[in-house]
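Step one of this worksheet: look at the structure below.
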Amino acid sequence: MVRWAPLLIPLALVSGCGYGFVGAADGLGEVRVVSIETPRNDSFQTGAEYVVAEALRGELLRRGGATLSEDPERADLVISGRVLRVESRPRSLSSVALALEFELALSLELEATPRDGPPLSLPFRQFTESDLYIASADVEAERKNREEVLGRVARVAATRFLDALSLALQQ
């Protein structure tokens with residue numbers, strides 16, 4: 001028991017101060033079933049809508065507390081929206097290799113609609129996230145780098161959207 005004391009004392013202190021773990025099971029309040037519609041893709045990036053939908057589903061399942069439904073009619077809450085743009089531009093340049101790295105920016109417009117009501121009022125509906133990826137002389141390697149960054153920024157945007165949704169449902 002004595003060897004566990006250094007771990008248990010800080011945990012006991014933190015738990016008594018009102019701090020809690022992010023992503024608790026009650027993060028979406030009374031919402032138990034969520035349907036996530038694949039967003040409409042208004043960008044020129046083929047398949048971006050599927051990457052965003054998968055990121056939203058993965059983040060919702062990671063947080064727990066709600067289950068996914070393919071049928072919007074059975075869901076307490078329906079998440080929908082669109083991919084506004086996916087843009088890639090050179091970020092750092094070299095006189096020898098031209099672009100050394102690129103920045104990929106993903107812009108989304110998302111909303112959450114309860115079963116019997118208008119869309120929820122969120123602090124913001126548009127989310128833009130960006131990250132860098134390394135340029136490569138190998139076209140296939142650069143494509144893979146770009147796809148990995150698209151997935152990463154989609155997961156960050158999904159996390160931020162569900163954070164905003166959680167706050168809106170708690171009010």
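Scheme for the structure tokens: letters A, B, ... for chains in order shown; per-chain residue numbers from 1; ligand numbers from 1 in order shown.
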
*Quick one: DSSP strand (DSSP E or B) residues in region 56-169 of chain A, as a PyMOL selection string?*
chain A and resi 67-68+77-94+98-114+126-134

_I'd like the neighbourhood of Asp131 (chain A) as a PyMOL selection string, where a residue qualifies if any of its atoms comes within 9 Å (using only C-alpha atoms), though same-chain residues fewer than 6 positions away should be ignored._
chain A and resi 102-105+149-150+152-153

*Which is closer to Ala157 (chain A) than all the others in A:Asp71, A:Leu106, A:Arg40, A:Leu100, using only C-alpha atoms?*
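Between A:Asp71, A:Leu106, A:Arg40, A:Leu100, the residue approaching Ala157 (chain A) most closely is A:Leu106.
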
*region 9-139 of chain A: which residues are alpha helix (DSSP H) by DSSP, as number ranges by chain?*
A: 9-15, 48-63, 139

Selection file, N, CA and C atoms, as a PDB file, in the first residue's frame:
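Output (result.pdb):
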```pdb
ATOM      1  N   ILE A   9      -2.256   9.664  -3.845  1.00  0.00           N
ATOM      2  CA  ILE A   9      -2.427  10.976  -3.215  1.00  0.00           C
ATOM      3  C   ILE A   9      -2.741  12.060  -4.247  1.00  0.00           C
ATOM      4  N   PRO A  10      -1.954  12.195  -5.352  1.00  0.00           N
ATOM      5  CA  PRO A  10      -2.318  13.218  -6.358  1.00  0.00           C
ATOM      6  C   PRO A  10      -3.683  12.953  -6.993  1.00  0.00           C
ATOM      7  N   LEU A  11      -4.020  11.686  -7.210  1.00  0.00           N
ATOM      8  CA  LEU A  11      -5.320  11.361  -7.786  1.00  0.00           C
ATOM      9  C   LEU A  11      -6.446  11.780  -6.851  1.00  0.00           C
ATOM     10  N   ALA A  12      -6.278  11.537  -5.564  1.00  0.00           N
ATOM     11  CA  ALA A  12      -7.291  11.935  -4.581  1.00  0.00           C
ATOM     12  C   ALA A  12      -7.418  13.455  -4.512  1.00  0.00           C
ATOM     13  N   LEU A  13      -6.302  14.152  -4.602  1.00  0.00           N
ATOM     14  CA  LEU A  13      -6.346  15.613  -4.558  1.00  0.00           C
ATOM     15  C   LEU A  13      -7.042  16.191  -5.775  1.00  0.00           C
ATOM     16  N   VAL A  14      -6.726  15.673  -6.946  1.00  0.00           N
ATOM     17  CA  VAL A  14      -7.323  16.172  -8.185  1.00  0.00           C
ATOM     18  C   VAL A  14      -8.809  15.850  -8.232  1.00  0.00           C
ATOM     19  N   SER A  15      -9.196  14.667  -7.788  1.00  0.00           N
ATOM     20  CA  SER A  15     -10.612  14.297  -7.870  1.00  0.00           C
ATOM     21  C   SER A  15     -11.469  15.144  -6.937  1.00  0.00           C
ATOM     22  N   ALA A  48     -12.972  12.944 -49.545  1.00  0.00           N
ATOM     23  CA  ALA A  48     -12.797  13.693 -48.293  1.00  0.00           C
ATOM     24  C   ALA A  48     -14.004  13.525 -47.376  1.00  0.00           C
ATOM     25  N   GLU A  49     -15.195  13.413 -47.957  1.00  0.00           N
ATOM     26  CA  GLU A  49     -16.406  13.250 -47.157  1.00  0.00           C
ATOM     27  C   GLU A  49     -16.386  11.959 -46.339  1.00  0.00           C
ATOM     28  N   TYR A  50     -15.796  10.907 -46.909  1.00  0.00           N
ATOM     29  CA  TYR A  50     -15.723   9.626 -46.196  1.00  0.00           C
ATOM     30  C   TYR A  50     -14.704   9.683 -45.058  1.00  0.00           C
ATOM     31  N   VAL A  51     -13.623  10.394 -45.288  1.00  0.00           N
ATOM     32  CA  VAL A  51     -12.610  10.559 -44.236  1.00  0.00           C
ATOM     33  C   VAL A  51     -13.204  11.329 -43.056  1.00  0.00           C
ATOM     34  N   VAL A  52     -13.966  12.383 -43.344  1.00  0.00           N
ATOM     35  CA  VAL A  52     -14.590  13.187 -42.286  1.00  0.00           C
ATOM     36  C   VAL A  52     -15.639  12.366 -41.542  1.00  0.00           C
ATOM     37  N   ALA A  53     -16.481  11.642 -42.271  1.00  0.00           N
ATOM     38  CA  ALA A  53     -17.516  10.826 -41.630  1.00  0.00           C
ATOM     39  C   ALA A  53     -16.883   9.774 -40.723  1.00  0.00           C
ATOM     40  N   GLU A  54     -15.831   9.147 -41.180  1.00  0.00           N
ATOM     41  CA  GLU A  54     -15.149   8.129 -40.370  1.00  0.00           C
ATOM     42  C   GLU A  54     -14.514   8.761 -39.133  1.00  0.00           C
ATOM     43  N   ALA A  55     -13.961   9.952 -39.266  1.00  0.00           N
ATOM     44  CA  ALA A  55     -13.372  10.642 -38.115  1.00  0.00           C
ATOM     45  C   ALA A  55     -14.442  10.979 -37.082  1.00  0.00           C
ATOM     46  N   LEU A  56     -15.606  11.453 -37.530  1.00  0.00           N
ATOM     47  CA  LEU A  56     -16.703  11.760 -36.612  1.00  0.00           C
ATOM     48  C   LEU A  56     -17.194  10.498 -35.898  1.00  0.00           C
ATOM     49  N   ARG A  57     -17.366   9.417 -36.657  1.00  0.00           N
ATOM     50  CA  ARG A  57     -17.824   8.161 -36.052  1.00  0.00           C
ATOM     51  C   ARG A  57     -16.801   7.629 -35.052  1.00  0.00           C
ATOM     52  N   GLY A  58     -15.535   7.670 -35.426  1.00  0.00           N
ATOM     53  CA  GLY A  58     -14.487   7.183 -34.544  1.00  0.00           C
ATOM     54  C   GLY A  58     -14.401   7.985 -33.249  1.00  0.00           C
ATOM     55  N   GLU A  59     -14.517   9.302 -33.345  1.00  0.00           N
ATOM     56  CA  GLU A  59     -14.447  10.143 -32.147  1.00  0.00           C
ATOM     57  C   GLU A  59     -15.658   9.918 -31.248  1.00  0.00           C
ATOM     58  N   LEU A  60     -16.831   9.765 -31.837  1.00  0.00           N
ATOM     59  CA  LEU A  60     -18.029   9.512 -31.038  1.00  0.00           C
ATOM     60  C   LEU A  60     -17.909   8.178 -30.301  1.00  0.00           C
ATOM     61  N   LEU A  61     -17.440   7.157 -30.982  1.00  0.00           N
ATOM     62  CA  LEU A  61     -17.276   5.851 -30.342  1.00  0.00           C
ATOM     63  C   LEU A  61     -16.174   5.883 -29.290  1.00  0.00           C
ATOM     64  N   ARG A  62     -15.112   6.630 -29.527  1.00  0.00           N
ATOM     65  CA  ARG A  62     -14.017   6.728 -28.560  1.00  0.00           C
ATOM     66  C   ARG A  62     -14.508   7.346 -27.256  1.00  0.00           C
ATOM     67  N   ARG A  63     -15.373   8.334 -27.363  1.00  0.00           N
ATOM     68  CA  ARG A  63     -15.886   9.009 -26.172  1.00  0.00           C
ATOM     69  C   ARG A  63     -16.864   8.148 -25.392  1.00  0.00           C
ATOM     70  N   VAL A 139       5.963  10.374 -56.099  1.00  0.00           N
ATOM     71  CA  VAL A 139       4.576  10.831 -56.151  1.00  0.00           C
ATOM     72  C   VAL A 139       3.692  10.010 -55.212  1.00  0.00           C
TER      73      VAL A 139
END
```

_Contacts of Phe127 (chain A) within 10 Å, only C-alpha atoms, excl. fewer than 4 positions in-chain, as a list of chain:residue names_ = A:Val83, A:Leu84, A:Leu106, A:Ser107, A:Leu108, A:Glu109, A:Leu110, A:Ala154, A:Val156, A:Ala157, A:Ala158, A:Arg160, A:Phe161

*Between A:Ile36, A:Leu93, A:Leu169, A:Leu120, which has the minimum distance to Ala135 (chain A) (counting only C-alpha atoms)?*
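Counting only C-alpha atoms, the residue closest to Ala135 (chain A) is A:Leu93.
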
*Between A:Gln45, A:Ala141, A:Gly151, A:Gly29, which has the minimum distance to Glu87 (chain A) (counting only C-alpha atoms)?*
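Of A:Gln45, A:Ala141, A:Gly151, A:Gly29, the one nearest Glu87 (chain A), counting only C-alpha atoms, is A:Gln45.
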
Residues near Asp76 (chain A), anyone? I mean within 12 Å using only C-alpha atoms, not counting same-chain ones fewer than 5 positions away, as a PDB file with C-alpha atoms, in the first residue's frame.
```pdb
ATOM      1  CA  LEU A  28     -23.871  14.308 -24.830  1.00  0.00           C
ATOM      2  CA  GLY A  29     -26.399  14.550 -22.017  1.00  0.00           C
ATOM      3  CA  GLU A  30     -29.629  12.696 -22.778  1.00  0.00           C
ATOM      4  CA  VAL A  31     -28.518  11.742 -26.291  1.00  0.00           C
ATOM      5  CA  ARG A  32     -28.060   7.972 -26.517  1.00  0.00           C
ATOM      6  CA  VAL A  33     -28.308   7.240 -30.267  1.00  0.00           C
ATOM      7  CA  VAL A  34     -26.536   9.352 -32.899  1.00  0.00           C
ATOM      8  CA  SER A  35     -26.676   9.110 -36.673  1.00  0.00           C
ATOM      9  CA  ILE A  36     -23.772  10.591 -38.615  1.00  0.00           C
ATOM     10  CA  ALA A  66     -23.831   7.101 -27.273  1.00  0.00           C
ATOM     11  CA  THR A  67     -24.279   4.481 -29.937  1.00  0.00           C
ATOM     12  CA  LEU A  68     -24.259   4.935 -33.693  1.00  0.00           C
ATOM     13  CA  SER A  69     -27.253   4.278 -35.898  1.00  0.00           C
ATOM     14  CA  ASP A  71     -31.008   5.160 -39.581  1.00  0.00           C
ATOM     15  CA  ALA A 112     -26.428  18.619 -35.158  1.00  0.00           C
ATOM     16  CA  THR A 113     -30.203  18.260 -35.323  1.00  0.00           C
ATOM     17  CA  PRO A 114     -32.244  16.653 -32.529  1.00  0.00           C
ATOM     18  CA  ARG A 115     -34.988  14.217 -33.535  1.00  0.00           C
ATOM     19  CA  ASP A 116     -37.808  16.654 -32.769  1.00  0.00           C
ATOM     20  CA  GLY A 117     -36.418  20.104 -33.300  1.00  0.00           C
TER      21      GLY A 117
END
```

*asked:* Using Å and a single decimal, report how far CA of Thr38 (chain A) sits from CA of Ile79 (chain A).
replied: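 Those two atoms sit 8.8 Å apart.
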
*Pick from A:Gly65, A:Phe124, A:Asn41, A:Gly81 nearest to Leu167 (chain A), counting only C-alpha atoms*: A:Phe124

*Coordinates-based distance that separates CA of Arg146 (chain A) from CA of Leu132 (chain A) (Å, one decimal)*: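 That distance, rounded to one decimal, is 8.7 Å.
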
_From the options A:Ser166, A:Ser43, A:Ser136, A:Thr159, which residue's atoms come nearest to Leu122 (chain A), counting only C-alpha atoms?_
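Using only C-alpha atoms, Leu122 (chain A) sits closest to A:Ser166.
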